[in-house]
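Asks: Structure file protein.cif (mmCIF, C-alpha atoms and all ligand atoms) right here:
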```
data_run
loop_
_atom_site.group_PDB
_atom_site.id
_atom_site.type_symbol
_atom_site.label_atom_id
_atom_site.label_comp_id
_atom_site.auth_asym_id
_atom_site.auth_seq_id
_atom_site.Cartn_x
_atom_site.Cartn_y
_atom_site.Cartn_z
ATOM 1 C CA MET A 4 123.031 101.605 87.663
ATOM 2 C CA SER A 5 120.587 102.519 90.416
ATOM 3 C CA PHE A 6 117.613 100.394 91.425
ATOM 4 C CA PHE A 7 115.243 102.972 89.926
ATOM 5 C CA ARG A 8 117.066 103.078 86.581
ATOM 6 C CA ARG A 9 117.256 99.293 86.373
ATOM 7 C CA ASN A 10 113.583 98.997 87.260
ATOM 8 C CA ARG A 11 112.609 101.512 84.561
ATOM 9 C CA ALA A 12 114.832 99.765 82.008
ATOM 10 C CA SER A 13 113.214 96.427 82.840
ATOM 11 C CA LEU A 14 109.839 97.740 81.695
ATOM 12 C CA GLU A 15 110.879 97.749 78.050
ATOM 13 C CA ARG A 16 111.885 94.101 78.317
ATOM 14 C CA LEU A 17 108.407 93.384 79.699
ATOM 15 C CA GLY A 18 106.870 95.202 76.734
ATOM 16 C CA ILE A 19 105.517 98.006 78.947
ATOM 17 C CA ASP A 20 105.812 101.636 77.855
ATOM 18 C CA PRO A 21 108.188 103.211 80.427
ATOM 19 C CA ASP A 22 106.353 106.543 80.072
ATOM 20 C CA ARG A 23 103.561 105.025 82.157
ATOM 21 C CA LEU A 24 105.902 105.198 85.160
ATOM 22 C CA PRO A 25 105.863 108.675 86.776
ATOM 23 C CA PRO A 26 109.209 110.226 87.764
ATOM 24 C CA GLY A 27 110.759 108.820 90.929
ATOM 25 C CA GLN A 28 108.551 105.702 90.932
ATOM 26 C CA TYR A 29 109.383 102.004 90.502
ATOM 27 C CA HIS A 30 107.167 99.313 89.059
ATOM 28 C CA THR A 31 106.038 96.374 91.175
ATOM 29 C CA GLU A 32 103.676 93.479 90.666
ATOM 30 C CA ARG A 33 103.065 93.189 94.384
ATOM 31 C CA PHE A 34 100.153 95.001 96.020
ATOM 32 C CA PRO A 35 101.491 96.540 99.251
ATOM 33 C CA VAL A 36 99.049 97.388 102.029
ATOM 34 C CA LEU A 37 99.370 100.854 103.551
ATOM 35 C CA GLN A 38 97.311 102.818 105.996
ATOM 36 C CA ALA A 39 97.651 105.136 108.944
ATOM 37 C CA GLY A 40 96.818 103.148 112.055
ATOM 38 C CA SER A 41 94.924 99.901 112.228
ATOM 39 C CA ILE A 42 92.464 98.170 109.945
ATOM 40 C CA PRO A 43 88.944 99.098 111.145
ATOM 41 C CA ASP A 44 86.290 96.754 112.465
ATOM 42 C CA VAL A 45 83.633 96.875 109.776
ATOM 43 C CA ASP A 46 80.097 96.014 110.857
ATOM 44 C CA MET A 47 77.828 95.863 107.817
ATOM 45 C CA SER A 48 74.692 96.018 109.986
ATOM 46 C CA THR A 49 75.510 99.585 111.056
ATOM 47 C CA TRP A 50 77.484 100.636 107.976
ATOM 48 C CA ASP A 51 76.316 103.825 106.279
ATOM 49 C CA PHE A 52 77.448 106.235 103.597
ATOM 50 C CA VAL A 53 76.797 109.915 104.257
ATOM 51 C CA ILE A 54 76.932 112.848 101.825
ATOM 52 C CA ASP A 55 76.771 116.186 103.649
ATOM 53 C CA GLY A 56 78.080 119.747 103.615
ATOM 54 C CA LEU A 57 76.990 121.969 100.726
ATOM 55 C CA VAL A 58 74.240 119.699 99.460
ATOM 56 C CA GLU A 59 70.514 120.476 99.311
ATOM 57 C CA ARG A 60 69.558 117.276 101.095
ATOM 58 C CA ARG A 61 71.933 115.223 103.237
ATOM 59 C CA VAL A 62 72.146 111.624 102.016
ATOM 60 C CA GLU A 63 72.460 108.592 104.249
ATOM 61 C CA TRP A 64 72.644 105.279 102.468
ATOM 62 C CA ARG A 65 72.920 101.791 103.893
ATOM 63 C CA TRP A 66 74.869 99.012 102.200
ATOM 64 C CA SER A 67 71.602 97.678 100.738
ATOM 65 C CA ASP A 68 71.163 101.017 98.878
ATOM 66 C CA ILE A 69 74.719 101.023 97.533
ATOM 67 C CA ASP A 70 74.468 97.360 96.600
ATOM 68 C CA GLN A 71 71.624 98.081 94.163
ATOM 69 C CA MET A 72 73.459 100.758 92.212
ATOM 70 C CA PRO A 73 74.895 100.042 88.757
ATOM 71 C CA SER A 74 78.555 99.050 88.611
ATOM 72 C CA SER A 75 81.144 99.497 85.951
ATOM 73 C CA GLU A 76 84.652 98.200 85.448
ATOM 74 C CA MET A 77 87.871 100.109 85.080
ATOM 75 C CA THR A 78 91.559 99.284 84.680
ATOM 76 C CA ALA A 79 94.148 101.737 85.957
ATOM 77 C CA ASP A 80 97.782 102.250 86.910
ATOM 78 C CA ILE A 81 98.176 103.271 90.557
ATOM 79 C CA HIS A 82 101.011 105.299 92.065
ATOM 80 C CA CYS A 83 101.788 105.432 95.783
ATOM 81 C CA VAL A 84 103.742 108.393 97.120
ATOM 82 C CA THR A 85 106.083 105.880 98.832
ATOM 83 C CA LYS A 86 107.298 105.240 95.249
ATOM 84 C CA TRP A 87 105.708 102.000 94.124
ATOM 85 C CA SER A 88 103.482 101.902 91.052
ATOM 86 C CA LYS A 89 101.348 98.992 89.945
ATOM 87 C CA PHE A 90 99.985 98.724 86.439
ATOM 88 C CA ASP A 91 96.676 97.458 85.077
ATOM 89 C CA THR A 92 94.823 97.066 88.367
ATOM 90 C CA ARG A 93 91.229 96.136 87.579
ATOM 91 C CA TRP A 94 88.341 97.429 89.698
ATOM 92 C CA LYS A 95 84.590 97.215 89.666
ATOM 93 C CA GLY A 96 82.302 99.605 91.505
ATOM 94 C CA ILE A 97 79.839 102.454 91.383
ATOM 95 C CA PRO A 98 80.961 105.386 89.233
ATOM 96 C CA VAL A 99 81.417 108.533 91.329
ATOM 97 C CA SER A 100 79.357 110.351 88.696
ATOM 98 C CA HIS A 101 76.407 108.047 89.412
ATOM 99 C CA LEU A 102 76.347 109.033 93.089
ATOM 100 C CA TRP A 103 76.813 112.669 92.133
ATOM 101 C CA ASP A 104 73.749 112.561 89.835
ATOM 102 C CA GLN A 105 71.610 111.714 92.854
ATOM 103 C CA ILE A 106 72.467 114.833 94.858
ATOM 104 C CA THR A 107 71.928 118.558 94.366
ATOM 105 C CA PRO A 108 75.067 120.476 95.295
ATOM 106 C CA LYS A 109 74.551 123.957 96.688
ATOM 107 C CA PRO A 110 75.989 126.835 94.662
ATOM 108 C CA GLY A 111 79.607 127.516 95.477
ATOM 109 C CA ALA A 112 80.687 123.913 96.117
ATOM 110 C CA THR A 113 84.205 123.476 94.708
ATOM 111 C CA HIS A 114 85.861 120.671 96.712
ATOM 112 C CA VAL A 115 85.020 117.493 98.567
ATOM 113 C CA MET A 116 86.474 115.906 101.671
ATOM 114 C CA ILE A 117 86.314 112.119 101.491
ATOM 115 C CA ASN A 118 85.543 110.586 104.897
ATOM 116 C CA ALA A 119 86.474 107.128 106.164
ATOM 117 C CA TYR A 120 86.698 105.011 109.307
ATOM 118 C CA HIS A 121 89.074 106.233 112.045
ATOM 119 C CA GLY A 122 88.657 109.842 110.862
ATOM 120 C CA PHE A 123 90.813 109.334 107.772
ATOM 121 C CA THR A 124 90.095 112.047 105.188
ATOM 122 C CA ALA A 125 91.384 113.229 101.806
ATOM 123 C CA ASN A 126 90.518 116.399 99.881
ATOM 124 C CA LEU A 127 89.811 116.656 96.154
ATOM 125 C CA PRO A 128 88.630 119.343 93.750
ATOM 126 C CA ILE A 129 85.147 118.366 92.504
ATOM 127 C CA GLU A 130 86.458 118.379 88.942
ATOM 128 C CA ASP A 131 88.969 115.659 89.841
ATOM 129 C CA PHE A 132 86.464 113.722 91.943
ATOM 130 C CA LEU A 133 84.099 113.537 88.956
ATOM 131 C CA ARG A 134 86.567 112.198 86.388
ATOM 132 C CA PRO A 135 84.602 109.594 84.417
ATOM 133 C CA ARG A 136 86.873 106.672 85.367
ATOM 134 C CA ASN A 137 86.641 107.206 89.138
ATOM 135 C CA LEU A 138 84.830 104.539 91.131
ATOM 136 C CA PHE A 139 83.666 103.708 94.587
ATOM 137 C CA ALA A 140 85.054 100.227 94.156
ATOM 138 C CA HIS A 141 83.697 97.121 95.854
ATOM 139 C CA THR A 142 85.580 94.565 93.735
ATOM 140 C CA TYR A 143 89.274 94.094 92.934
ATOM 141 C CA GLU A 144 90.112 91.798 90.043
ATOM 142 C CA ASP A 145 87.136 89.458 90.428
ATOM 143 C CA ASP A 146 86.732 89.342 94.191
ATOM 144 C CA PRO A 147 85.162 91.576 96.838
ATOM 145 C CA LEU A 148 87.738 93.946 98.332
ATOM 146 C CA THR A 149 89.710 92.341 101.115
ATOM 147 C CA LEU A 150 89.456 94.068 104.477
ATOM 148 C CA GLU A 151 93.061 95.269 104.235
ATOM 149 C CA HIS A 152 92.441 96.893 100.828
ATOM 150 C CA GLY A 153 89.338 98.771 101.998
ATOM 151 C CA PHE A 154 86.314 96.453 102.331
ATOM 152 C CA PRO A 155 83.492 97.071 101.669
ATOM 153 C CA LEU A 156 84.068 100.214 99.595
ATOM 154 C CA ARG A 157 87.010 102.368 98.573
ATOM 155 C CA LEU A 158 87.457 105.309 96.292
ATOM 156 C CA ILE A 159 89.678 104.901 93.227
ATOM 157 C CA VAL A 160 91.032 108.157 91.759
ATOM 158 C CA PRO A 161 93.853 106.807 89.609
ATOM 159 C CA HIS A 162 95.211 110.074 88.167
ATOM 160 C CA LEU A 163 96.412 111.254 91.618
ATOM 161 C CA TYR A 164 98.756 109.611 94.152
ATOM 162 C CA PHE A 165 97.083 106.644 95.754
ATOM 163 C CA TRP A 166 96.636 108.264 99.180
ATOM 164 C CA LYS A 167 93.627 110.041 97.620
ATOM 165 C CA SER A 168 92.055 106.618 96.927
ATOM 166 C CA VAL A 169 90.464 106.368 100.351
ATOM 167 C CA LYS A 170 89.880 102.887 101.771
ATOM 168 C CA TRP A 171 86.916 102.053 104.054
ATOM 169 C CA VAL A 172 85.117 105.092 102.697
ATOM 170 C CA ARG A 173 81.975 106.254 104.538
ATOM 171 C CA GLY A 174 80.946 109.279 102.474
ATOM 172 C CA PHE A 175 82.025 112.763 101.520
ATOM 173 C CA THR A 176 81.447 116.411 102.439
ATOM 174 C CA LEU A 177 80.949 119.171 99.846
ATOM 175 C CA MET A 178 82.914 122.347 100.604
ATOM 176 C CA ASP A 179 83.263 125.836 99.122
ATOM 177 C CA THR A 180 87.016 125.923 99.733
ATOM 178 C CA ASP A 181 89.953 123.537 99.675
ATOM 179 C CA ALA A 182 91.037 122.121 103.031
ATOM 180 C CA PRO A 183 93.741 119.584 103.890
ATOM 181 C CA GLY A 184 92.796 115.993 104.726
ATOM 182 C CA PHE A 185 94.702 113.554 106.925
ATOM 183 C CA TRP A 186 97.975 113.230 104.978
ATOM 184 C CA GLU A 187 97.783 116.738 103.552
ATOM 185 C CA ARG A 188 97.873 118.144 107.109
ATOM 186 C CA SER A 189 101.078 116.134 107.679
ATOM 187 C CA GLY A 190 102.895 117.593 104.698
ATOM 188 C CA TYR A 191 101.593 115.767 101.656
ATOM 189 C CA HIS A 192 100.713 117.898 98.652
ATOM 190 C CA MET A 193 97.178 119.348 98.479
ATOM 191 C CA TYR A 194 96.680 118.007 94.918
ATOM 192 C CA GLY A 195 99.145 115.138 94.370
ATOM 193 C CA ASP A 196 99.742 114.725 90.617
ATOM 194 C CA PRO A 197 102.270 111.855 90.286
ATOM 195 C CA PHE A 198 103.495 112.943 86.850
ATOM 196 C CA SER A 199 104.439 116.382 88.282
ATOM 197 C CA GLU A 200 105.859 114.687 91.414
ATOM 198 C CA GLN A 201 103.607 116.658 93.755
ATOM 199 C CA ARG A 202 104.532 114.613 96.821
ATOM 200 C CA TYR A 203 104.965 117.217 99.553
ATOM 201 C CA TRP A 204 104.138 120.830 100.378
ATOM 202 C CA GLY A 205 106.156 123.056 98.086
ATOM 203 C CA ASP A 206 106.554 120.519 95.257
ATOM 204 C CA GLY A 207 105.466 122.012 91.895
HETATM 205 N N1 LIG A 301 91.001 104.995 105.057
HETATM 206 C C1 LIG A 301 92.255 105.060 104.585
HETATM 207 N N2 LIG A 301 92.445 105.041 103.262
HETATM 208 C C2 LIG A 301 93.695 105.111 102.754
HETATM 209 C C3 LIG A 301 94.818 105.229 103.599
HETATM 210 C C4 LIG A 301 94.577 105.263 105.005
HETATM 211 O O1 LIG A 301 95.512 105.388 105.817
HETATM 212 N N3 LIG A 301 93.289 105.159 105.457
HETATM 213 N N4 LIG A 301 96.071 105.301 103.070
HETATM 214 C C5 LIG A 301 96.190 105.701 101.661
HETATM 215 C C6 LIG A 301 97.494 105.413 101.119
HETATM 216 S S1 LIG A 301 98.775 106.388 101.647
HETATM 217 C C7 LIG A 301 97.680 104.483 100.146
HETATM 218 S S2 LIG A 301 99.160 104.292 99.349
HETATM 219 C C8 LIG A 301 96.603 103.563 99.749
HETATM 220 C C9 LIG A 301 97.079 102.142 99.919
HETATM 221 O O2 LIG A 301 96.092 101.255 99.472
HETATM 222 P P1 LIG A 301 96.369 99.705 99.546
HETATM 223 O O3 LIG A 301 96.651 99.369 100.982
HETATM 224 O O4 LIG A 301 95.148 99.049 98.999
HETATM 225 O O5 LIG A 301 97.589 99.461 98.692
HETATM 226 O O6 LIG A 301 95.442 103.748 100.522
HETATM 227 C C10 LIG A 301 95.120 105.074 100.777
HETATM 228 N N5 LIG A 301 93.840 105.091 101.407
HETATM 229 MO MO MO A 302 100.517 106.006 100.098
#
```
Taking this structure as input, can you express it in the form of structure tokens?
Ligand SMILES: Nc1nc2c(c(=O)[nH]1)N[C@H]1C(S)=C(S)[C@@H](COP(=O)(O)O)O[C@H]1N2
Ligand SMILES: [Mo]
Replies:
Amino acid sequence: MSFFRRNRASLERLGIDPDRLPPGQYHTERFPVLQAGSIPDVDMSTWDFVIDGLVERRVEWRWSDIDQMPSSEMTADIHCVTKWSKFDTRWKGIPVSHLWDQITPKPGATHVMINAYHGFTANLPIEDFLRPRNLFAHTYEDDPLTLEHGFPLRLIVPHLYFWKSVKWVRGFTLMDTDAPGFWERSGYHMYGDPFSEQRYWGDG
């Protein structure tokens, strides 16, 4: 029996519904660290969060602004395109919808580009960005994010492959068209639904 089949079979023994595991994925309890390039130097005294593009007024928040916003908690399964999935990860942060309520998008905005340190980007349809569970997370389990997992703030969009859950996030740009982000330009799927196995260009 292959590693993947054994791993899937082991879920039932653990009392976990194997249907939670998308095709081609294996379950792990570890929390691997992945990013393109190095972990950024984060300086909270100059840190800002910018919302620009098709928005009536550009927003520029400091950490002290973000820190005062209401947080909520969310538990989600996460699925990395490199085939590991981790179940029941628990996050706390500012709902994406809360930030969205504070801006006025210009007519015609359909997509966002999430922006992070080192020029890392990821694209999302606005509809997917605004799913009620999505967070700009500052807390994992009960502790502030570690630097390697995205301190001080990362996006969590659990219904898509985890490369869309941008670490070290610094803001987002509203757009009237879809455009590829960092991994999408290198061949990853523009949308990235794990249950349809949309890993690379041309998948589903
Ligand atoms: N800023 C930034 N965010 C990123 C990445 C990155 O390279 N840079 N990699 C993505 C990928 S491919 C994955 S799988 C997850 C990994 O998150 P983790 O290191 O917390 O497991 O972060 C995503 N967010
Ligand atoms: Mo990934």
Asks: Per residue of chain A within 8 Å of ligand MO 302 (chain A), record the nearest atom pair and its distance in Å to one decimal, counting only C-alpha atoms and all ligand atoms, with rows in chain order and ascending residue number, as a Markdown table.
Replies:
```
| residue | atom | partner | partner_atom | distance |
| --- | --- | --- | --- | --- |
| A:Leu37 | CA | A:MO302 | MO | 6.3 |
| A:Gln38 | CA | A:MO302 | MO | 7.4 |
| A:Cys83 | CA | A:MO302 | MO | 4.5 |
| A:Val84 | CA | A:MO302 | MO | 5.0 |
| A:Thr85 | CA | A:MO302 | MO | 5.7 |
| A:Tyr164 | CA | A:MO302 | MO | 7.2 |
| A:Phe165 | CA | A:MO302 | MO | 5.6 |
| A:Trp166 | CA | A:MO302 | MO | 4.6 |
```
Asks: Within 9 Å of ligand LIG 301 (chain A), which residues show up when you count all atoms listed in the file? List them as number ranges by chain, please.
Replies: A: 34-43, 81-85, 87, 118-125, 149, 151-153, 157-158, 164-172, 185-186
Asks: To verify the selection step, state as number ranges by chain which residues the PyMOL selection byres (((chain A and resi 113) around 10) and not hetatm) yields on this input.
Replies: A: 57, 108-112, 114-115, 127-130, 177-181
Asks: I'd like to know which of A:Gly174, A:Pro155, A:Gly205, A:Gly96 is closest to Pro73 in chain A, using only C-alpha atoms.
Replies: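 For Pro73 in chain A, the nearest of the candidates is A:Gly96.
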Asks: Can you turn the PyMOL selection byres (((chain A and resi 97) around 8) and not hetatm) into a concrete residue list for this file, as a PDB file with C-alpha atoms, in the coordinates of the input?
Replies:
```
ATOM      1  CA  MET A  72      73.459 100.758  92.212  1.00  0.00           C
ATOM      2  CA  PRO A  73      74.895 100.042  88.757  1.00  0.00           C
ATOM      3  CA  SER A  74      78.555  99.050  88.611  1.00  0.00           C
ATOM      4  CA  SER A  75      81.144  99.497  85.951  1.00  0.00           C
ATOM      5  CA  LYS A  95      84.590  97.215  89.666  1.00  0.00           C
ATOM      6  CA  GLY A  96      82.302  99.605  91.505  1.00  0.00           C
ATOM      7  CA  PRO A  98      80.961 105.386  89.233  1.00  0.00           C
ATOM      8  CA  VAL A  99      81.417 108.533  91.329  1.00  0.00           C
ATOM      9  CA  HIS A 101      76.407 108.047  89.412  1.00  0.00           C
ATOM     10  CA  LEU A 102      76.347 109.033  93.089  1.00  0.00           C
ATOM     11  CA  LEU A 138      84.830 104.539  91.131  1.00  0.00           C
ATOM     12  CA  PHE A 139      83.666 103.708  94.587  1.00  0.00           C
ATOM     13  CA  ALA A 140      85.054 100.227  94.156  1.00  0.00           C
ATOM     14  CA  HIS A 141      83.697  97.121  95.854  1.00  0.00           C
TER      15      HIS A 141
END
```
Asks: Between CA of Asp68 in chain A and CA of Asn126 in chain A, measure the distance and give it in Å to one decimal.
Replies: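 Atom-to-atom, CA of Asp68 in chain A and CA of Asn126 in chain A are spaced 24.7 Å apart.
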Asks: Please expand the PyMOL selection byres (((chain A and resi 163) around 6) and not hetatm) into the concrete residues it hits in this file, giving the result as a list of chain:residue names.
Replies: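 Checked against the file, the PyMOL selection byres (((chain A and resi 163) around 6) and not hetatm) matches A:Pro161, A:His162, A:Tyr164, A:Gly195, A:Asp196.
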Asks: Quick one: pull the distance between CA of Trp204 in chain A and CA of Thr176 in chain A, Å, one decimal.
Replies: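 These atoms are spaced 23.2 Å apart.
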Asks: One decimal, Å: what's the distance from CA of Asp104 in chain A over to CA of Gly56 in chain A, could you say?
Replies: 16.1 Å
Asks: Could you name the residues that touch Ser48 in chain A at 10 Å or less, counting only C-alpha atoms, but leaving out those on the same chain fewer than 5 positions away, as a PyMOL selection string?
Replies: chain A and resi 65-67
Asks: Which is closer to Val53 in chain A than all the others in A:Met116, A:Met77, A:Leu150, A:Leu133, using only C-alpha atoms?
Replies: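 For Val53 in chain A, the nearest of the given residues is A:Met116.
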Asks: Extract, using all atoms listed in the file, all DNA, RNA and protein residues at most 12 Å from Ala12 in chain A, discarding same-chain residues fewer than 6 positions from it, and format them as a PyMOL selection string.
Replies: chain A and resi 4-6+18-22+24+29-30
Asks: Centre and edge lengths, as AutoDock Vina command-line options, for the axis-aligned box enclosing every listed atom of range 163-181 of chain A with 6 Å of padding on each of the six sides, in Å to one decimal?
Replies:
```
--center_x 89.9 --center_y 114.0 --center_z 98.1 --size_x 29.8 --size_y 35.9 --size_z 24.9
```
